[in-house]
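Student: Pasting model17.csv below, which is CSV, C-alpha atoms.
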chain,number,residue,atom,x,y,z
M,1,MET,CA,19.2,87.5,-69.5
M,2,HIS,CA,18.7,89.6,-72.6
M,3,ASP,CA,19.4,93.3,-72.7
M,4,LYS,CA,15.7,94.5,-72.7
M,5,LEU,CA,14.8,92.6,-69.6
M,6,LYS,CA,18.0,93.6,-67.9
M,7,GLN,CA,17.4,97.3,-68.6
M,8,ALA,CA,13.8,97.0,-67.4
M,9,LEU,CA,14.8,95.4,-64.1
M,10,GLU,CA,17.5,98.0,-63.5
M,11,LEU,CA,14.9,100.7,-64.1
M,12,ALA,CA,12.3,99.1,-61.8
M,13,ILE,CA,14.9,98.8,-58.9
M,14,SER,CA,16.2,102.3,-59.4
M,15,GLU,CA,12.7,103.8,-59.4
M,16,ALA,CA,11.6,101.8,-56.4
M,17,THR,CA,14.6,102.5,-54.3
M,18,HIS,CA,15.4,106.0,-55.5
M,19,ARG,CA,18.9,105.0,-56.1
M,20,GLU,CA,20.5,104.2,-59.5
M,21,PHE,CA,21.1,100.4,-59.9
M,22,ARG,CA,23.1,98.7,-62.5
M,23,ILE,CA,23.4,94.9,-62.8
M,24,GLU,CA,27.0,93.8,-62.5
M,25,GLY,CA,26.4,90.2,-61.7
M,26,ARG,CA,23.7,87.5,-62.0
M,27,GLN,CA,23.6,84.3,-60.1
M,28,VAL,CA,20.9,81.6,-60.8
M,29,GLN,CA,19.1,80.4,-57.7
M,30,GLY,CA,17.9,76.8,-57.5
M,31,GLY,CA,15.4,75.1,-55.3
M,32,GLY,CA,12.2,76.4,-56.9
M,33,CYS,CA,10.0,74.6,-59.5
M,34,ILE,CA,7.6,77.4,-60.3
M,35,ASN,CA,9.6,80.5,-61.1
M,36,ASP,CA,13.0,81.3,-62.5
M,37,ALA,CA,15.0,83.0,-59.8
M,38,PHE,CA,18.2,85.1,-59.7
M,39,ILE,CA,20.4,87.2,-57.4
M,40,LEU,CA,21.1,90.4,-59.3
M,41,SER,CA,24.2,92.2,-57.9
M,42,GLY,CA,25.1,95.8,-58.2
M,43,ARG,CA,28.1,97.8,-56.9
M,44,ARG,CA,26.7,98.2,-53.4
M,45,THR,CA,23.7,95.9,-53.0
M,46,SER,CA,21.9,92.8,-54.4
M,47,TYR,CA,18.3,91.8,-55.0
M,48,PHE,CA,16.5,88.6,-55.3
M,49,VAL,CA,14.3,88.4,-58.5
M,50,LYS,CA,11.6,86.0,-59.6
M,51,LEU,CA,10.5,85.7,-63.2
M,52,ASN,CA,7.5,84.0,-64.7
M,53,ALA,CA,5.1,84.3,-67.6
M,54,ALA,CA,3.3,87.6,-68.1
M,55,ASP,CA,0.0,86.1,-67.0
M,56,ARG,CA,1.4,85.2,-63.6
M,57,LEU,CA,1.7,88.8,-62.5
M,58,ASP,CA,-1.2,88.5,-60.2
M,59,MET,CA,0.7,85.7,-58.3
M,60,PHE,CA,3.6,88.0,-57.7
M,61,GLU,CA,1.3,90.9,-56.7
M,62,ALA,CA,-0.4,88.7,-54.1
M,63,GLU,CA,3.0,87.5,-52.8
M,64,ALA,CA,4.2,91.1,-52.4
M,65,ALA,CA,1.0,92.0,-50.6
M,66,ALA,CA,1.3,89.0,-48.2
M,67,LEU,CA,4.9,89.9,-47.4
M,68,ARG,CA,3.9,93.5,-46.6
M,69,ALA,CA,1.1,92.2,-44.3
M,70,LEU,CA,3.4,89.8,-42.5
M,71,ALA,CA,6.0,92.5,-42.1
M,72,ALA,CA,3.4,94.9,-40.6
M,73,ALA,CA,2.6,92.3,-37.9
M,74,SER,CA,6.2,92.9,-36.5
M,75,ALA,CA,6.5,89.3,-35.4
M,76,LEU,CA,8.7,87.3,-37.9
M,77,ARG,CA,11.3,88.6,-40.4
M,78,VAL,CA,10.3,88.4,-44.1
M,79,PRO,CA,12.1,89.7,-47.2
M,80,GLU,CA,11.0,93.2,-48.2
M,81,PRO,CA,9.2,93.4,-51.5
M,82,ILE,CA,10.8,96.1,-53.7
M,83,SER,CA,8.8,96.0,-57.0
M,84,CYS,CA,6.7,93.8,-59.2
M,85,GLY,CA,5.4,94.2,-62.7
M,86,LEU,CA,5.9,93.3,-66.3
M,87,ALA,CA,9.1,93.6,-68.3
M,88,ALA,CA,10.0,92.3,-71.8
M,89,GLY,CA,7.0,90.0,-71.9
M,90,GLN,CA,7.6,88.5,-68.4
M,91,SER,CA,6.3,89.1,-64.9
M,92,TYR,CA,8.7,89.8,-62.2
M,93,LEU,CA,9.0,90.2,-58.4
M,94,ILE,CA,12.0,91.9,-56.9
M,95,LEU,CA,12.8,91.3,-53.2
M,96,GLU,CA,15.6,92.3,-50.9
M,97,ALA,CA,18.4,89.7,-51.1
M,98,LEU,CA,18.9,88.2,-47.6
M,99,ARG,CA,22.1,86.7,-46.3
M,100,PHE,CA,21.2,83.3,-45.0
M,101,GLY,CA,23.2,81.3,-42.4
M,102,SER,CA,22.6,78.6,-39.9
M,103,PRO,CA,20.5,78.6,-36.7
M,104,LYS,CA,22.3,79.7,-33.6
M,105,ALA,CA,21.5,78.6,-30.0
M,106,GLY,CA,17.9,79.5,-29.3
M,107,SER,CA,17.1,80.3,-33.0
M,108,TRP,CA,14.4,77.6,-33.3
M,109,GLN,CA,12.8,78.6,-30.0
M,110,THR,CA,12.7,82.2,-31.2
M,111,MET,CA,11.0,81.1,-34.5
M,112,GLY,CA,8.4,79.2,-32.5
M,113,CYS,CA,7.6,82.1,-30.2
M,114,GLN,CA,7.5,84.6,-33.1
M,115,LEU,CA,5.2,82.4,-35.1
M,116,ALA,CA,2.8,82.3,-32.2
M,117,ARG,CA,3.0,86.1,-32.0
M,118,LEU,CA,2.3,86.3,-35.7
M,119,HIS,CA,-0.8,84.2,-35.2
M,120,ARG,CA,-2.1,86.6,-32.5
M,121,ASN,CA,-2.9,89.0,-35.3
M,122,SER,CA,-6.5,88.3,-36.0
M,123,HIS,CA,-9.5,89.3,-38.1
M,124,GLU,CA,-13.3,89.1,-37.7
M,125,GLN,CA,-13.6,86.5,-40.5
M,126,PHE,CA,-11.6,83.8,-42.3
M,127,GLY,CA,-10.2,84.7,-45.7
M,128,TRP,CA,-8.1,87.4,-47.3
M,129,HIS,CA,-8.5,90.7,-49.1
M,130,HIS,CA,-8.1,88.9,-52.5
M,131,ASP,CA,-7.4,85.5,-53.8
M,132,ASN,CA,-3.8,84.3,-54.1
M,133,HIS,CA,-1.9,81.1,-54.9
M,134,ILE,CA,-0.6,78.0,-53.1
M,135,GLY,CA,2.4,77.2,-55.2
M,136,SER,CA,1.1,78.0,-58.7
M,137,THR,CA,-2.4,76.8,-57.8
M,138,PRO,CA,-5.1,79.5,-57.4
M,139,GLN,CA,-6.3,79.8,-53.8
M,140,HIS,CA,-9.7,81.2,-53.0
M,141,ASN,CA,-10.1,83.5,-50.0
M,142,GLN,CA,-13.6,84.9,-49.9
M,143,TRP,CA,-14.5,86.1,-46.4
M,144,ALA,CA,-16.4,83.6,-44.3
M,145,ALA,CA,-17.5,83.6,-40.7
M,146,ASP,CA,-17.5,79.8,-40.4
M,147,TRP,CA,-14.2,78.0,-40.4
M,148,ALA,CA,-15.5,74.6,-41.3
M,149,ALA,CA,-17.4,76.0,-44.3
M,150,PHE,CA,-14.4,78.0,-45.4
M,151,PHE,CA,-12.1,75.1,-45.3
M,152,ARG,CA,-14.6,72.8,-47.1
M,153,GLU,CA,-15.6,75.3,-49.9
M,154,GLN,CA,-12.4,77.2,-50.4
M,155,ARG,CA,-9.7,74.7,-49.6
M,156,LEU,CA,-10.7,71.1,-50.1
M,157,ARG,CA,-13.5,71.3,-52.7
M,158,PRO,CA,-11.4,73.3,-55.2
M,159,GLN,CA,-8.5,70.9,-54.9
M,160,LEU,CA,-10.8,67.9,-55.3
M,161,GLU,CA,-12.4,69.4,-58.4
M,162,ARG,CA,-9.0,70.2,-59.8
M,163,ALA,CA,-7.9,66.6,-59.1
M,164,ARG,CA,-10.9,65.2,-61.0
M,165,ARG,CA,-10.0,67.4,-64.0
M,166,ASN,CA,-6.5,66.0,-63.7
M,167,GLY,CA,-7.8,62.4,-63.9
M,168,TYR,CA,-7.7,61.6,-60.2
M,169,HIS,CA,-10.9,60.0,-58.7
M,170,PHE,CA,-11.0,59.7,-54.9
M,171,LYS,CA,-13.7,57.2,-54.1
M,172,ARG,CA,-14.9,58.9,-50.8
M,173,ALA,CA,-14.3,62.5,-51.8
M,174,ASP,CA,-17.9,63.6,-51.5
M,175,GLU,CA,-18.3,61.7,-48.3
M,176,LEU,CA,-15.3,63.6,-46.9
M,177,LEU,CA,-16.8,67.0,-47.8
M,178,ASP,CA,-20.0,66.0,-46.1
M,179,ALA,CA,-18.0,65.1,-43.0
M,180,ILE,CA,-16.1,68.3,-42.5
M,181,GLU,CA,-18.5,69.8,-40.0
M,182,GLU,CA,-18.3,66.7,-37.9
M,183,LEU,CA,-14.5,66.4,-38.2
M,184,LEU,CA,-14.2,70.0,-37.0
M,185,ALA,CA,-17.1,69.9,-34.5
M,186,GLY,CA,-16.3,71.7,-31.2
M,187,HIS,CA,-13.4,73.5,-32.7
M,188,SER,CA,-13.8,77.3,-33.0
M,189,PRO,CA,-10.5,78.8,-34.0
M,190,THR,CA,-9.9,82.6,-34.0
M,191,PRO,CA,-9.0,83.8,-37.6
M,192,ALA,CA,-5.2,84.1,-37.3
M,193,LEU,CA,-2.8,85.7,-39.8
M,194,LEU,CA,-1.0,82.8,-41.4
M,195,HIS,CA,2.0,82.2,-43.5
M,196,GLY,CA,-0.1,79.7,-45.3
M,197,ASP,CA,2.6,77.5,-46.8
M,198,LEU,CA,4.9,76.9,-43.9
M,199,TRP,CA,7.4,74.1,-44.4
M,200,SER,CA,11.1,73.7,-44.1
M,201,GLY,CA,11.7,75.0,-47.6
M,202,ASN,CA,10.0,78.3,-46.8
M,203,ALA,CA,11.7,79.1,-43.5
M,204,SER,CA,15.3,79.7,-42.6
M,205,PHE,CA,17.7,81.8,-40.7
M,206,LEU,CA,19.9,84.9,-41.5
M,207,ASP,CA,23.6,84.8,-40.9
M,208,ASP,CA,23.0,86.2,-37.4
M,209,GLY,CA,20.6,83.4,-36.5
M,210,CYS,CA,17.5,85.5,-36.9
M,211,PRO,CA,14.5,83.4,-38.1
M,212,VAL,CA,13.0,84.4,-41.5
M,213,ILE,CA,10.0,83.1,-43.5
M,214,TYR,CA,9.2,83.6,-47.2
M,215,ASP,CA,7.1,82.4,-50.2
M,216,PRO,CA,3.8,82.9,-48.3
M,217,ALA,CA,0.3,82.0,-49.2
M,218,THR,CA,-1.2,84.3,-46.6
M,219,TYR,CA,-4.8,84.5,-45.3
M,220,TYR,CA,-6.6,84.5,-42.0
M,221,GLY,CA,-7.4,80.9,-40.9
M,222,ASP,CA,-6.9,78.4,-38.2
M,223,ARG,CA,-3.4,78.8,-36.8
M,224,GLU,CA,-3.2,75.0,-36.6
M,225,THR,CA,-2.9,74.8,-40.4
M,226,ASP,CA,0.5,76.4,-40.3
M,227,LEU,CA,1.7,74.1,-37.5
M,228,ALA,CA,0.3,71.0,-39.3
M,229,PHE,CA,2.1,71.6,-42.6
M,230,SER,CA,5.3,72.5,-40.7
M,231,GLU,CA,5.3,68.9,-39.5
M,232,PHE,CA,4.7,67.4,-42.9
M,233,PHE,CA,8.1,67.1,-44.6
M,234,GLY,CA,10.1,65.9,-41.7
M,235,GLY,CA,9.0,68.8,-39.4
M,236,PHE,CA,11.0,71.4,-37.5
M,237,PRO,CA,13.0,70.6,-34.4
M,238,HIS,CA,11.1,69.8,-31.1
M,239,GLU,CA,12.2,73.1,-29.5
M,240,PHE,CA,10.3,75.0,-32.2
M,241,TYR,CA,7.0,73.4,-31.3
M,242,GLN,CA,7.7,73.5,-27.5
M,243,ALA,CA,8.4,77.2,-27.7
M,244,TYR,CA,5.2,77.8,-29.7
M,245,ALA,CA,3.2,75.9,-27.2
M,246,GLU,CA,4.7,77.8,-24.3
M,247,GLU,CA,3.7,81.1,-26.1
M,248,TRP,CA,0.2,79.9,-27.1
M,249,PRO,CA,-0.8,76.3,-26.3
M,250,LEU,CA,-2.7,74.4,-29.0
M,251,ASP,CA,-6.3,73.3,-28.5
M,252,SER,CA,-7.1,69.7,-27.7
M,253,GLY,CA,-7.8,67.6,-30.8
M,254,TYR,CA,-5.0,69.1,-32.9
M,255,GLU,CA,-3.4,65.7,-33.6
M,256,SER,CA,-6.6,64.5,-35.4
M,257,ARG,CA,-7.2,67.8,-37.2
M,258,LYS,CA,-3.7,68.1,-38.7
M,259,THR,CA,-4.4,65.2,-41.0
M,260,LEU,CA,-7.4,67.0,-42.4
M,261,TYR,CA,-5.4,70.2,-42.8
M,262,ASN,CA,-2.5,68.5,-44.5
M,263,LEU,CA,-4.8,66.8,-47.0
M,264,TYR,CA,-5.2,70.2,-48.6
M,265,HIS,CA,-1.4,70.4,-49.3
M,266,VAL,CA,-1.2,66.8,-50.4
M,267,LEU,CA,-4.0,67.3,-52.9
M,268,ASN,CA,-2.2,70.4,-54.2
M,269,HIS,CA,1.0,68.4,-54.6
M,270,ALA,CA,-0.9,65.7,-56.5
M,271,ASN,CA,-2.4,68.4,-58.8
M,272,LEU,CA,1.0,70.1,-59.3
M,273,PHE,CA,3.4,67.2,-59.4
M,274,GLY,CA,1.5,63.9,-59.7
M,275,GLY,CA,3.6,61.0,-58.5
M,276,GLY,CA,2.6,59.2,-55.3
M,277,TYR,CA,0.7,62.2,-53.8
M,278,ALA,CA,-2.7,61.0,-55.2
M,279,GLY,CA,-2.3,57.7,-53.4
M,280,GLN,CA,-1.3,59.4,-50.3
M,281,ALA,CA,-4.3,61.7,-50.4
M,282,GLU,CA,-6.6,58.6,-50.9
M,283,ARG,CA,-5.1,57.0,-47.8
M,284,MET,CA,-5.6,60.2,-45.8
M,285,ILE,CA,-9.2,60.5,-46.8
M,286,THR,CA,-9.8,56.9,-45.7
M,287,GLN,CA,-8.0,57.6,-42.4
M,288,LEU,CA,-10.2,60.6,-41.8
M,289,LEU,CA,-13.4,58.7,-42.5
M,290,THR,CA,-12.5,55.7,-40.4
What would you get if you wrote out this structure as structure tokens?
Tutor:
Amino acid sequence: MHDKLKQALELAISEATHREFRIEGRQVQGGGCINDAFILSGRRTSYFVKLNAADRLDMFEAEAAALRALAAASALRVPEPISCGLAAGQSYLILEALRFGSPKAGSWQTMGCQLARLHRNSHEQFGWHHDNHIGSTPQHNQWAADWAAFFREQRLRPQLERARRNGYHFKRADELLDAIEELLAGHSPTPALLHGDLWSGNASFLDDGCPVIYDPATYYGDRETDLAFSEFFGGFPHEFYQAYAEEWPLDSGYESRKTLYNLYHVLNHANLFGGGYAGQAERMITQLLT
């Protein structure tokens, strides 16, 4: 980290916290594929910092806004955003550095209950105050009263159009878009405050066992979308889902809808990473239309 960037981050933290901060240590953090990430340590405290290109500032601003909204719901612990901005030709997001540990007895149940309580925070419409990102992909969030229309026009259609530009051609894509109303017929969810990108890589526990979620792609949508994606990469333990259901049972038909909801994420992974995700998306489309 060159001196100009270091000084700018020290100043940003000092101004945001009203306490002088000087970087005494820097530890590179792995596990991400979108940003460069570090733990910056001072004499008394540490901060988690993400860096990206200057034109990615809006992504960091949206993430900070989402974390503040999730924190205001007083349901699940999230890292506190400290500052975001531009420094030395790069965009940055500074968060509190959390001390992670392992789940304790009852930790997964607590997370399930707390997620249900987060979802109880509702809105009159589906969407968000501004667009944000799912990974590094732009995510549209214009307000809409109809969930099926919102999911079709602001989730699946943009991903399918992006996939075409990336050279993927799903034979029954248009047929799927025309079928969304039927696939979601009879399902009238309440707009729920969502994490938006909830999988095992974006959820953990503090050293005292307290559940914590991070890296959100927040909007008001069907709460089932959070549950569906949480199952995708191996899923959370059974006690998490059991505790959620005890706090707020899922509507009938979830098992069929979760394939539709997870298609959005699989398409996004195909657009971001390629590999076998396009083939997986093709199979999911076929399954949905069978």
Student: Would you please work out which residue, of M:Leu93, M:Ala87, M:Ala185, M:Ala116, is nearest to Trp248 of chain M when using all atoms listed in the file?
Tutor: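 Counting all atoms listed in the file, the residue closest to Trp248 of chain M is M:Ala116.
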Student: So which residues touch segment 67-74 of chain M within 9 Å, counting all atoms listed in the file, skipping near sequence neighbours fewer than 4 positions away, as an MDAnalysis selection string?
Tutor: chainID M and resid 62:63 78:81 117:118 121 193:195 214:216 218
Student: Would you export the selected residues with C-alpha atoms as a PDB file, keeping the file's coordinate frame, please?
Tutor:
ATOM      1  CA  ALA M  62      -0.400  88.700 -54.100  1.00  0.00           C
ATOM      2  CA  GLU M  63       3.000  87.500 -52.800  1.00  0.00           C
ATOM      3  CA  VAL M  78      10.300  88.400 -44.100  1.00  0.00           C
ATOM      4  CA  PRO M  79      12.100  89.700 -47.200  1.00  0.00           C
ATOM      5  CA  GLU M  80      11.000  93.200 -48.200  1.00  0.00           C
ATOM      6  CA  PRO M  81       9.200  93.400 -51.500  1.00  0.00           C
ATOM      7  CA  ARG M 117       3.000  86.100 -32.000  1.00  0.00           C
ATOM      8  CA  LEU M 118       2.300  86.300 -35.700  1.00  0.00           C
ATOM      9  CA  ASN M 121      -2.900  89.000 -35.300  1.00  0.00           C
ATOM     10  CA  LEU M 193      -2.800  85.700 -39.800  1.00  0.00           C
ATOM     11  CA  LEU M 194      -1.000  82.800 -41.400  1.00  0.00           C
ATOM     12  CA  HIS M 195       2.000  82.200 -43.500  1.00  0.00           C
ATOM     13  CA  TYR M 214       9.200  83.600 -47.200  1.00  0.00           C
ATOM     14  CA  ASP M 215       7.100  82.400 -50.200  1.00  0.00           C
ATOM     15  CA  PRO M 216       3.800  82.900 -48.300  1.00  0.00           C
ATOM     16  CA  THR M 218      -1.200  84.300 -46.600  1.00  0.00           C
TER      17      THR M 218
END
Student: List as a list in words the protein and nucleic acid residues near Ala88 of chain M, meaning an atom at most 8 Å away when all atoms listed in the file are counted, but skip any in the same chain fewer than 3 places from it.
Tutor: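 Surrounding residues, per the criterion: Lys4, Leu5 and Ala8 of chain M.
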Student: Any idea what's packed within 12 Å of Phe273 of chain M, counting only C-alpha atoms, ignoring anything in its chain fewer than 3 positions away? Could you give it as JSON, numbers by chain?
Tutor: {"M": [33, 34, 135, 136, 137, 163, 166, 265, 266, 267, 268, 269, 270, 276, 277, 278]}
Student: If you measure from atom CA of Val49 of chain M to atom CA of Ala37 of chain M, what distance in Å do you get, rounded to one decimal?
Tutor: 5.6 Å
Student: Calculate, to one decimal in Å, the centre and edge lengths of the box along x, y and z of the file that holds all listed atoms of segment 24-39 of chain M with 8 Å of margin on each side, and present them as JSON.
Tutor:
{"center_x": 17.3, "center_y": 84.2, "center_z": -58.9, "size_x": 35.4, "size_y": 35.2, "size_z": 23.2}
Student: Can you tell me how far atom CA of Arg223 of chain M sits from atom CA of Thr190 of chain M, in Å to one decimal?
Tutor: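 If I compute the distance from atom CA of Arg223 of chain M to atom CA of Thr190 of chain M, I get 8.0 Å.
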Student: Measure the distance from atom CA of Glu231 of chain M to atom CA of Arg155 of chain M in Å and round it to one decimal.
Tutor: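 Computing the Euclidean distance for atom CA of Glu231 of chain M and atom CA of Arg155 of chain M yields 19.0 Å.
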Student: Mind checking which residues fall within 7 Å of segment 18-29 of chain M, counting only C-alpha atoms, ignoring those fewer than 6 positions away in the same chain, and posting them as a CSV table (one decimal) with C-alpha atoms, keeping the file's coordinate frame?
Tutor:
chain,number,residue,atom,x,y,z
M,10,GLU,CA,17.5,98.0,-63.5
M,37,ALA,CA,15.0,83.0,-59.8
M,38,PHE,CA,18.2,85.1,-59.7
M,39,ILE,CA,20.4,87.2,-57.4
M,40,LEU,CA,21.1,90.4,-59.3
M,41,SER,CA,24.2,92.2,-57.9
M,42,GLY,CA,25.1,95.8,-58.2
M,43,ARG,CA,28.1,97.8,-56.9
Student: Just want the 9 Å neighbourhood of Gln125 of chain M, counted on all atoms listed in the file, with same-chain residues fewer than 5 positions away dropped. Output as a PyMOL selection string.
Tutor: chain M and resi 143-147+190-191+220-221
Student: Since we have the selection now, will you write its residues out, keeping C-alpha atoms, as a PDB file, in the frame of the given file?
Tutor:
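Printed below is result37.pdb as written:
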ATOM      1  CA  TRP M 143     -14.500  86.100 -46.400  1.00  0.00           C
ATOM      2  CA  ALA M 144     -16.400  83.600 -44.300  1.00  0.00           C
ATOM      3  CA  ALA M 145     -17.500  83.600 -40.700  1.00  0.00           C
ATOM      4  CA  ASP M 146     -17.500  79.800 -40.400  1.00  0.00           C
ATOM      5  CA  TRP M 147     -14.200  78.000 -40.400  1.00  0.00           C
ATOM      6  CA  THR M 190      -9.900  82.600 -34.000  1.00  0.00           C
ATOM      7  CA  PRO M 191      -9.000  83.800 -37.600  1.00  0.00           C
ATOM      8  CA  TYR M 220      -6.600  84.500 -42.000  1.00  0.00           C
ATOM      9  CA  GLY M 221      -7.400  80.900 -40.900  1.00  0.00           C
TER      10      GLY M 221
END
Student: Give me, as JSON lines, the closest atom pair and its distance (Å, one decimal) for every residue of segment 219-245 of chain M within a cut-off of 7 Å of segment 250-261 of chain M, counting all atoms listed in the file, rows sorted by chain and rising number.
Tutor:
{"residue": "M:Thr225", "atom": "CA", "partner": "M:Tyr261", "partner_atom": "CA", "distance": 5.8}
{"residue": "M:Ala228", "atom": "CA", "partner": "M:Lys258", "partner_atom": "CA", "distance": 5.0}
{"residue": "M:Ala245", "atom": "CA", "partner": "M:Leu250", "partner_atom": "CA", "distance": 6.3}
Student: Nearest to Arg283 of chain M among M:His140, M:His187, M:Arg152, M:Arg172, with distances taken over all atoms listed in the file: which residue is it?
Tutor: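 Comparing M:His140, M:His187, M:Arg152, M:Arg172 against Arg283 of chain M, the winner is M:Arg172.
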Student: For each of M:Gln287, M:Thr45, M:Gln7, M:Ser230, take the minimum atom-to-atom distance to Asn202 of chain M, counting all atoms listed in the file, then give the residue where this is smallest.
Tutor: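 Counting all atoms listed in the file, the residue closest to Asn202 of chain M is M:Ser230.
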Student: Which of these residues is nearest to Asp174 of chain M, using only C-alpha atoms: M:Ile213, M:Leu289, M:Ala97, M:Ser91?
Tutor: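 The answer is M:Leu289, which sits nearest to Asp174 of chain M.
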Student: Pull the neighbourhood of (12.8, 90.0, -38.9) for me: all residues within 7 Å in file coordinates, counting only C-alpha atoms, as a list in words.
Tutor: Leu76, Arg77, Val78, Cys210, Pro211 and Val212 of chain M
Student: Of the residues M:Thr110, M:Ala75, M:Gly30, M:Tyr264, which is the one nearest to Gln242 of chain M, using all atoms listed in the file?
Tutor: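 The shortest atom-to-atom distance to Gln242 of chain M comes from M:Thr110.
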Student: Go through M:Glu61, M:Asp207, M:Asp3, M:Glu282 one by one, measure the shortest atom-to-atom distance of each to Ser107 of chain M using only C-alpha atoms, and give the residue with the smallest value.
Tutor: M:Asp207
